[in-house]
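S.K.: Structure supplied as coords-v2.pdb; contents: PDB, N, CA, C and O atoms.
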```pdb
MODEL        1
ATOM      1  N   MET N   1     112.906 173.406 124.546
ATOM      2  CA  MET N   1     112.350 172.074 124.669
ATOM      3  C   MET N   1     113.167 171.067 123.855
ATOM      4  O   MET N   1     113.423 169.971 124.314
ATOM      5  N   THR N   2     113.559 171.455 122.649
ATOM      6  CA  THR N   2     114.346 170.534 121.831
ATOM      7  C   THR N   2     115.736 170.318 122.431
ATOM      8  O   THR N   2     116.304 169.240 122.276
ATOM      9  N   ARG N   3     116.246 171.316 123.114
ATOM     10  CA  ARG N   3     117.549 171.170 123.765
ATOM     11  C   ARG N   3     117.467 170.118 124.873
ATOM     12  O   ARG N   3     118.376 169.302 125.027
ATOM     13  N   ILE N   4     116.387 170.104 125.637
ATOM     14  CA  ILE N   4     116.198 169.114 126.704
ATOM     15  C   ILE N   4     116.088 167.717 126.107
ATOM     16  O   ILE N   4     116.697 166.762 126.609
ATOM     17  N   LEU N   5     115.334 167.576 125.016
ATOM     18  CA  LEU N   5     115.207 166.268 124.352
ATOM     19  C   LEU N   5     116.555 165.803 123.804
ATOM     20  O   LEU N   5     116.891 164.622 123.881
ATOM     21  N   HIS N   6     117.329 166.718 123.275
ATOM     22  CA  HIS N   6     118.655 166.383 122.760
ATOM     23  C   HIS N   6     119.559 165.878 123.890
ATOM     24  O   HIS N   6     120.263 164.873 123.752
ATOM     25  N   ILE N   7     119.542 166.564 125.007
ATOM     26  CA  ILE N   7     120.355 166.167 126.165
ATOM     27  C   ILE N   7     119.899 164.819 126.700
ATOM     28  O   ILE N   7     120.719 163.947 127.011
ATOM     29  N   LEU N   8     118.589 164.608 126.794
ATOM     30  CA  LEU N   8     118.080 163.314 127.261
ATOM     31  C   LEU N   8     118.458 162.187 126.303
ATOM     32  O   LEU N   8     118.790 161.087 126.725
ATOM     33  N   GLY N   9     118.443 162.470 125.021
ATOM     34  CA  GLY N   9     118.855 161.468 124.030
ATOM     35  C   GLY N   9     120.313 161.089 124.182
ATOM     36  O   GLY N   9     120.673 159.915 124.122
ATOM     37  N   LEU N  10     121.166 162.069 124.392
ATOM     38  CA  LEU N  10     122.590 161.796 124.604
ATOM     39  C   LEU N  10     122.821 160.997 125.881
ATOM     40  O   LEU N  10     123.657 160.085 125.915
ATOM     41  N   CYS N  11     122.083 161.336 126.919
ATOM     42  CA  CYS N  11     122.203 160.582 128.174
ATOM     43  C   CYS N  11     121.814 159.125 127.968
ATOM     44  O   CYS N  11     122.468 158.220 128.488
ATOM     45  N   ALA N  12     120.767 158.879 127.222
ATOM     46  CA  ALA N  12     120.328 157.506 126.954
ATOM     47  C   ALA N  12     121.394 156.726 126.198
ATOM     48  O   ALA N  12     121.654 155.557 126.486
ATOM     49  N   VAL N  13     122.047 157.371 125.235
ATOM     50  CA  VAL N  13     123.108 156.709 124.467
ATOM     51  C   VAL N  13     124.279 156.347 125.378
ATOM     52  O   VAL N  13     124.805 155.236 125.331
ATOM     53  N   PHE N  14     124.701 157.281 126.234
ATOM     54  CA  PHE N  14     125.833 157.016 127.118
ATOM     55  C   PHE N  14     125.509 155.967 128.173
ATOM     56  O   PHE N  14     126.381 155.201 128.587
ATOM     57  N   LEU N  15     124.281 155.903 128.611
ATOM     58  CA  LEU N  15     123.897 154.888 129.587
ATOM     59  C   LEU N  15     123.772 153.513 128.950
ATOM     60  O   LEU N  15     124.026 152.503 129.591
ATOM     61  N   ALA N  16     123.400 153.439 127.692
ATOM     62  CA  ALA N  16     123.238 152.160 127.008
ATOM     63  C   ALA N  16     124.571 151.607 126.501
ATOM     64  O   ALA N  16     124.706 150.406 126.313
ATOM     65  N   ALA N  17     125.563 152.446 126.293
ATOM     66  CA  ALA N  17     126.843 152.005 125.737
ATOM     67  C   ALA N  17     127.526 150.920 126.564
ATOM     68  O   ALA N  17     127.983 149.931 126.001
ATOM     69  N   PRO N  18     127.624 151.015 127.904
ATOM     70  CA  PRO N  18     128.270 149.939 128.653
ATOM     71  C   PRO N  18     127.521 148.616 128.554
ATOM     72  O   PRO N  18     128.134 147.556 128.559
ATOM     73  N   VAL N  19     126.222 148.646 128.426
ATOM     74  CA  VAL N  19     125.450 147.407 128.293
ATOM     75  C   VAL N  19     125.793 146.719 126.987
ATOM     76  O   VAL N  19     125.989 145.511 126.940
ATOM     77  N   VAL N  20     125.912 147.473 125.918
ATOM     78  CA  VAL N  20     126.262 146.901 124.627
ATOM     79  C   VAL N  20     127.690 146.361 124.670
ATOM     80  O   VAL N  20     127.977 145.298 124.135
ATOM     81  N   ALA N  21     128.592 147.064 125.313
ATOM     82  CA  ALA N  21     129.995 146.645 125.379
ATOM     83  C   ALA N  21     130.171 145.364 126.189
ATOM     84  O   ALA N  21     131.108 144.623 125.977
ATOM     85  N   GLN N  22     129.263 145.087 127.120
ATOM     86  CA  GLN N  22     129.394 143.911 127.962
ATOM     87  C   GLN N  22     128.553 142.740 127.476
ATOM     88  O   GLN N  22     128.334 141.793 128.204
ATOM     89  N   ALA N  23     128.064 142.785 126.253
ATOM     90  CA  ALA N  23     127.231 141.714 125.721
ATOM     91  C   ALA N  23     128.037 140.416 125.661
ATOM     92  O   ALA N  23     129.241 140.428 125.441
ATOM     93  N   ALA N  24     127.357 139.319 125.858
ATOM     94  CA  ALA N  24     128.008 138.014 125.872
ATOM     95  C   ALA N  24     128.523 137.652 124.486
ATOM     96  O   ALA N  24     127.965 138.059 123.478
ATOM     97  N   CYS N  25     129.587 136.883 124.458
ATOM     98  CA  CYS N  25     130.174 136.376 123.222
ATOM     99  C   CYS N  25     130.099 134.859 123.226
ATOM    100  O   CYS N  25     129.905 134.239 124.261
ATOM    101  N   THR N  26     130.320 134.294 122.069
ATOM    102  CA  THR N  26     130.414 132.851 121.937
ATOM    103  C   THR N  26     131.855 132.514 121.593
ATOM    104  O   THR N  26     132.403 133.050 120.627
ATOM    105  N   ALA N  27     132.447 131.650 122.392
ATOM    106  CA  ALA N  27     133.827 131.220 122.148
ATOM    107  C   ALA N  27     133.804 129.836 121.513
ATOM    108  O   ALA N  27     133.188 128.916 122.037
ATOM    109  N   GLU N  28     134.463 129.713 120.374
ATOM    110  CA  GLU N  28     134.646 128.415 119.733
ATOM    111  C   GLU N  28     135.999 127.896 120.214
ATOM    112  O   GLU N  28     136.992 128.620 120.165
ATOM    113  N   TYR N  29     136.047 126.654 120.695
ATOM    114  CA  TYR N  29     137.267 126.144 121.321
ATOM    115  C   TYR N  29     137.567 124.711 120.903
ATOM    116  O   TYR N  29     136.707 124.012 120.356
ATOM    117  N   LYS N  30     138.798 124.295 121.190
ATOM    118  CA  LYS N  30     139.228 122.901 121.061
ATOM    119  C   LYS N  30     139.770 122.475 122.420
ATOM    120  O   LYS N  30     140.489 123.232 123.071
ATOM    121  N   ALA N  31     139.404 121.263 122.841
ATOM    122  CA  ALA N  31     139.834 120.760 124.149
ATOM    123  C   ALA N  31     140.149 119.274 124.042
ATOM    124  O   ALA N  31     139.800 118.618 123.051
ATOM    125  N   LYS N  32     140.819 118.741 125.083
ATOM    126  CA  LYS N  32     141.165 117.316 125.092
ATOM    127  C   LYS N  32     141.051 116.740 126.492
ATOM    128  O   LYS N  32     141.041 117.454 127.496
ATOM    129  N   GLN N  33     140.959 115.412 126.539
ATOM    130  CA  GLN N  33     141.098 114.629 127.767
ATOM    131  C   GLN N  33     142.129 113.544 127.477
ATOM    132  O   GLN N  33     142.230 113.070 126.346
ATOM    133  N   ASP N  34     142.876 113.156 128.486
ATOM    134  CA  ASP N  34     143.882 112.100 128.327
ATOM    135  C   ASP N  34     143.386 110.799 128.945
ATOM    136  O   ASP N  34     142.533 110.791 129.826
ATOM    137  N   ASN N  35     143.961 109.694 128.493
ATOM    138  CA  ASN N  35     143.742 108.343 129.036
ATOM    139  C   ASN N  35     142.281 107.947 129.135
ATOM    140  O   ASN N  35     141.732 107.921 130.215
ATOM    141  N   PRO N  36     141.654 107.575 128.073
ATOM    142  CA  PRO N  36     142.087 107.598 126.673
ATOM    143  C   PRO N  36     141.959 108.994 126.092
ATOM    144  O   PRO N  36     141.181 109.808 126.576
ATOM    145  N   LEU N  37     142.707 109.228 125.028
ATOM    146  CA  LEU N  37     142.684 110.534 124.386
ATOM    147  C   LEU N  37     141.307 110.782 123.762
ATOM    148  O   LEU N  37     140.790 109.958 123.020
ATOM    149  N   ARG N  38     140.719 111.906 124.130
ATOM    150  CA  ARG N  38     139.447 112.344 123.552
ATOM    151  C   ARG N  38     139.597 113.810 123.182
ATOM    152  O   ARG N  38     140.164 114.591 123.943
ATOM    153  N   LEU N  39     139.094 114.160 122.014
ATOM    154  CA  LEU N  39     139.157 115.535 121.543
ATOM    155  C   LEU N  39     137.745 116.090 121.446
ATOM    156  O   LEU N  39     136.806 115.361 121.139
ATOM    157  N   GLN N  40     137.608 117.381 121.688
ATOM    158  CA  GLN N  40     136.309 118.034 121.643
ATOM    159  C   GLN N  40     136.451 119.379 120.943
ATOM    160  O   GLN N  40     137.402 120.114 121.171
ATOM    161  N   HIS N  41     135.489 119.674 120.097
ATOM    162  CA  HIS N  41     135.413 120.973 119.429
ATOM    163  C   HIS N  41     134.022 121.495 119.713
ATOM    164  O   HIS N  41     133.034 120.832 119.420
ATOM    165  N   GLY N  42     133.918 122.669 120.341
ATOM    166  CA  GLY N  42     132.606 123.160 120.718
ATOM    167  C   GLY N  42     132.538 124.664 120.827
ATOM    168  O   GLY N  42     133.507 125.367 120.537
ATOM    169  N   GLU N  43     131.367 125.112 121.251
ATOM    170  CA  GLU N  43     131.137 126.540 121.475
ATOM    171  C   GLU N  43     130.564 126.732 122.866
ATOM    172  O   GLU N  43     129.858 125.863 123.377
ATOM    173  N   MET N  44     130.874 127.879 123.461
ATOM    174  CA  MET N  44     130.436 128.176 124.822
ATOM    175  C   MET N  44     130.172 129.673 124.930
ATOM    176  O   MET N  44     130.946 130.474 124.414
ATOM    177  N   GLN N  45     129.090 130.042 125.598
ATOM    178  CA  GLN N  45     128.814 131.447 125.870
ATOM    179  C   GLN N  45     129.775 131.925 126.958
ATOM    180  O   GLN N  45     129.929 131.253 127.976
ATOM    181  N   VAL N  46     130.414 133.055 126.721
ATOM    182  CA  VAL N  46     131.325 133.651 127.695
ATOM    183  C   VAL N  46     130.885 135.086 127.963
ATOM    184  O   VAL N  46     130.196 135.699 127.153
ATOM    185  N   SER N  47     131.281 135.606 129.090
ATOM    186  CA  SER N  47     130.809 136.929 129.505
ATOM    187  C   SER N  47     131.604 138.084 128.904
ATOM    188  O   SER N  47     131.175 139.223 128.971
ATOM    189  N   SER N  48     132.770 137.802 128.315
ATOM    190  CA  SER N  48     133.608 138.867 127.791
ATOM    191  C   SER N  48     134.118 138.514 126.401
ATOM    192  O   SER N  48     134.434 137.355 126.134
ATOM    193  N   CYS N  49     134.213 139.508 125.542
ATOM    194  CA  CYS N  49     134.777 139.313 124.201
ATOM    195  C   CYS N  49     136.293 139.520 124.186
ATOM    196  O   CYS N  49     136.913 139.404 123.139
ATOM    197  N   ASP N  50     136.877 139.833 125.326
ATOM    198  CA  ASP N  50     138.327 139.979 125.437
ATOM    199  C   ASP N  50     138.949 138.581 125.318
ATOM    200  O   ASP N  50     138.566 137.669 126.058
ATOM    201  N   PRO N  51     139.892 138.366 124.387
ATOM    202  CA  PRO N  51     140.448 137.027 124.173
ATOM    203  C   PRO N  51     141.040 136.369 125.420
ATOM    204  O   PRO N  51     140.798 135.190 125.670
ATOM    205  N   SER N  52     141.803 137.106 126.222
ATOM    206  CA  SER N  52     142.423 136.480 127.393
ATOM    207  C   SER N  52     141.384 136.175 128.473
ATOM    208  O   SER N  52     141.448 135.127 129.122
ATOM    209  N   ALA N  53     140.416 137.050 128.656
ATOM    210  CA  ALA N  53     139.358 136.798 129.649
ATOM    211  C   ALA N  53     138.472 135.637 129.211
ATOM    212  O   ALA N  53     138.083 134.790 130.030
ATOM    213  N   ALA N  54     138.163 135.580 127.921
ATOM    214  CA  ALA N  54     137.345 134.475 127.407
ATOM    215  C   ALA N  54     138.079 133.145 127.558
ATOM    216  O   ALA N  54     137.484 132.134 127.961
ATOM    217  N   ALA N  55     139.370 133.128 127.259
ATOM    218  CA  ALA N  55     140.152 131.897 127.385
ATOM    219  C   ALA N  55     140.195 131.428 128.836
ATOM    220  O   ALA N  55     140.060 130.232 129.105
ATOM    221  N   ALA N  56     140.362 132.346 129.758
ATOM    222  CA  ALA N  56     140.395 131.974 131.178
ATOM    223  C   ALA N  56     139.056 131.403 131.628
ATOM    224  O   ALA N  56     139.005 130.415 132.372
ATOM    225  N   GLU N  57     137.960 132.007 131.163
ATOM    226  CA  GLU N  57     136.635 131.516 131.543
ATOM    227  C   GLU N  57     136.364 130.133 130.957
ATOM    228  O   GLU N  57     135.884 129.233 131.651
ATOM    229  N   VAL N  58     136.693 129.939 129.679
ATOM    230  CA  VAL N  58     136.490 128.637 129.039
ATOM    231  C   VAL N  58     137.360 127.588 129.709
ATOM    232  O   VAL N  58     136.904 126.479 130.002
ATOM    233  N   GLN N  59     138.611 127.923 129.993
ATOM    234  CA  GLN N  59     139.532 126.985 130.633
ATOM    235  C   GLN N  59     138.997 126.539 131.993
ATOM    236  O   GLN N  59     139.020 125.352 132.314
ATOM    237  N   ALA N  60     138.506 127.472 132.791
ATOM    238  CA  ALA N  60     137.990 127.135 134.119
ATOM    239  C   ALA N  60     136.745 126.262 134.030
ATOM    240  O   ALA N  60     136.614 125.282 134.777
ATOM    241  N   ARG N  61     135.847 126.573 133.105
ATOM    242  CA  ARG N  61     134.620 125.795 132.988
ATOM    243  C   ARG N  61     134.886 124.403 132.440
ATOM    244  O   ARG N  61     134.264 123.429 132.864
ATOM    245  N   LEU N  62     135.825 124.286 131.499
ATOM    246  CA  LEU N  62     136.174 122.966 130.969
ATOM    247  C   LEU N  62     136.891 122.115 132.015
ATOM    248  O   LEU N  62     136.675 120.904 132.100
ATOM    249  N   ALA N  63     137.746 122.750 132.818
ATOM    250  CA  ALA N  63     138.492 122.017 133.848
ATOM    251  C   ALA N  63     137.545 121.369 134.864
ATOM    252  O   ALA N  63     137.839 120.278 135.375
ATOM    253  N   GLN N  64     136.426 122.017 135.140
ATOM    254  CA  GLN N  64     135.445 121.436 136.061
ATOM    255  C   GLN N  64     134.879 120.119 135.524
ATOM    256  O   GLN N  64     134.438 119.279 136.297
ATOM    257  N   GLN N  65     134.921 119.943 134.212
ATOM    258  CA  GLN N  65     134.396 118.733 133.581
ATOM    259  C   GLN N  65     135.514 117.767 133.178
ATOM    260  O   GLN N  65     135.261 116.778 132.497
ATOM    261  N   GLY N  66     136.757 118.074 133.568
ATOM    262  CA  GLY N  66     137.878 117.192 133.278
ATOM    263  C   GLY N  66     138.512 117.386 131.913
ATOM    264  O   GLY N  66     139.223 116.506 131.436
ATOM    265  N   TRP N  67     138.280 118.515 131.280
ATOM    266  CA  TRP N  67     138.850 118.802 129.971
ATOM    267  C   TRP N  67     139.975 119.817 130.086
ATOM    268  O   TRP N  67     139.986 120.645 130.976
ATOM    269  N   ILE N  68     140.915 119.758 129.140
ATOM    270  CA  ILE N  68     142.029 120.708 129.060
ATOM    271  C   ILE N  68     141.840 121.541 127.795
ATOM    272  O   ILE N  68     141.723 120.988 126.692
ATOM    273  N   LEU N  69     141.795 122.857 127.948
ATOM    274  CA  LEU N  69     141.642 123.752 126.804
ATOM    275  C   LEU N  69     142.914 123.727 125.965
ATOM    276  O   LEU N  69     144.011 123.923 126.472
ATOM    277  N   LEU N  70     142.763 123.469 124.671
ATOM    278  CA  LEU N  70     143.902 123.519 123.749
ATOM    279  C   LEU N  70     144.035 124.902 123.133
ATOM    280  O   LEU N  70     145.121 125.465 123.089
ATOM    281  N   LYS N  71     142.910 125.441 122.633
ATOM    282  CA  LYS N  71     142.968 126.790 122.050
ATOM    283  C   LYS N  71     141.566 127.326 121.830
ATOM    284  O   LYS N  71     140.619 126.577 121.671
ATOM    285  N   ILE N  72     141.482 128.637 121.823
ATOM    286  CA  ILE N  72     140.265 129.338 121.428
ATOM    287  C   ILE N  72     140.387 129.561 119.928
ATOM    288  O   ILE N  72     141.326 130.211 119.462
ATOM    289  N   VAL N  73     139.455 129.007 119.168
ATOM    290  CA  VAL N  73     139.504 129.111 117.708
ATOM    291  C   VAL N  73     139.007 130.490 117.273
ATOM    292  O   VAL N  73     139.626 131.142 116.434
ATOM    293  N   SER N  74     137.879 130.933 117.852
ATOM    294  CA  SER N  74     137.348 132.246 117.489
ATOM    295  C   SER N  74     136.390 132.750 118.556
ATOM    296  O   SER N  74     135.910 131.969 119.389
ATOM    297  N   LEU N  75     136.152 134.041 118.540
ATOM    298  CA  LEU N  75     135.163 134.686 119.399
ATOM    299  C   LEU N  75     134.145 135.355 118.499
ATOM    300  O   LEU N  75     134.516 136.094 117.594
ATOM    301  N   LYS N  76     132.882 135.089 118.757
ATOM    302  CA  LYS N  76     131.805 135.675 117.961
ATOM    303  C   LYS N  76     130.910 136.487 118.877
ATOM    304  O   LYS N  76     130.535 136.025 119.946
ATOM    305  N   GLY N  77     130.562 137.648 118.450
ATOM    306  CA  GLY N  77     129.641 138.435 119.252
ATOM    307  C   GLY N  77     130.033 139.826 119.285
ATOM    308  O   GLY N  77     129.675 140.799 119.588
TER
ENDMDL
END
```
Have the structure of the file written as structure tokens, please.

M.R.:
Amino acid sequence: MTRILHILGLCAVFLAAPVVAQAACTAEYKAKQDNPLRLQHGEMQVSSCDPSAAAAEVQARLAQQGWILLKIVSLKG
């Protein structure tokens, strides 16, 4: 009986691991607009903690609002 509980416990850990790995992150960024020059420093929830994937997501979302991503300052999460 304890062997079955042990196996079920391990299965639960392995099934929960991908959910934890895919948790959302917060990207802190700097962006700009031209004519007139405007600068923005903000944070945005992103779906991945991978720096290149987060930068691509932030860049695409900012571009929809007319902003140009300058840099990702940090990723939290």

S.K.: Take the PyMOL selection byres ((chain N and resi 57-73) around 7), run it mentally on this structure, and tell me the resulting residues as a list of chain:residue names.

M.R.: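 Selected by the PyMOL selection byres ((chain N and resi 57-73) around 7) here: N:Ala27, N:Glu28, N:Tyr29, N:Lys30, N:Ala31, N:Lys32, N:Gln33, N:Asp34, N:Val46, N:Pro51, N:Ser52, N:Ala53, N:Ala54, N:Ala55, N:Ala56, N:Ser74, N:Leu75.
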
S.K.: To one decimal in Å, tell me the separation between atom CA of Gly77 of chain N and atom O of Leu39 of chain N.

M.R.: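 Between these atoms lies a distance of 24.2 Å.
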
S.K.: Which polymer residues, whether protein, DNA or RNA, lie within 4.5 Å of the coordinate (131.5, 140.2, 122.9) when you count all atoms listed in the file? List them as an MDAnalysis selection string, using the chain letters and numbers from the file.

M.R.: chainID N and resid 23:25 49 77

S.K.: Would you compute the distance between atom CA of Arg38 of chain N and atom O of Thr26 of chain N? Give it in Å to one decimal.

M.R.: 22.1 Å
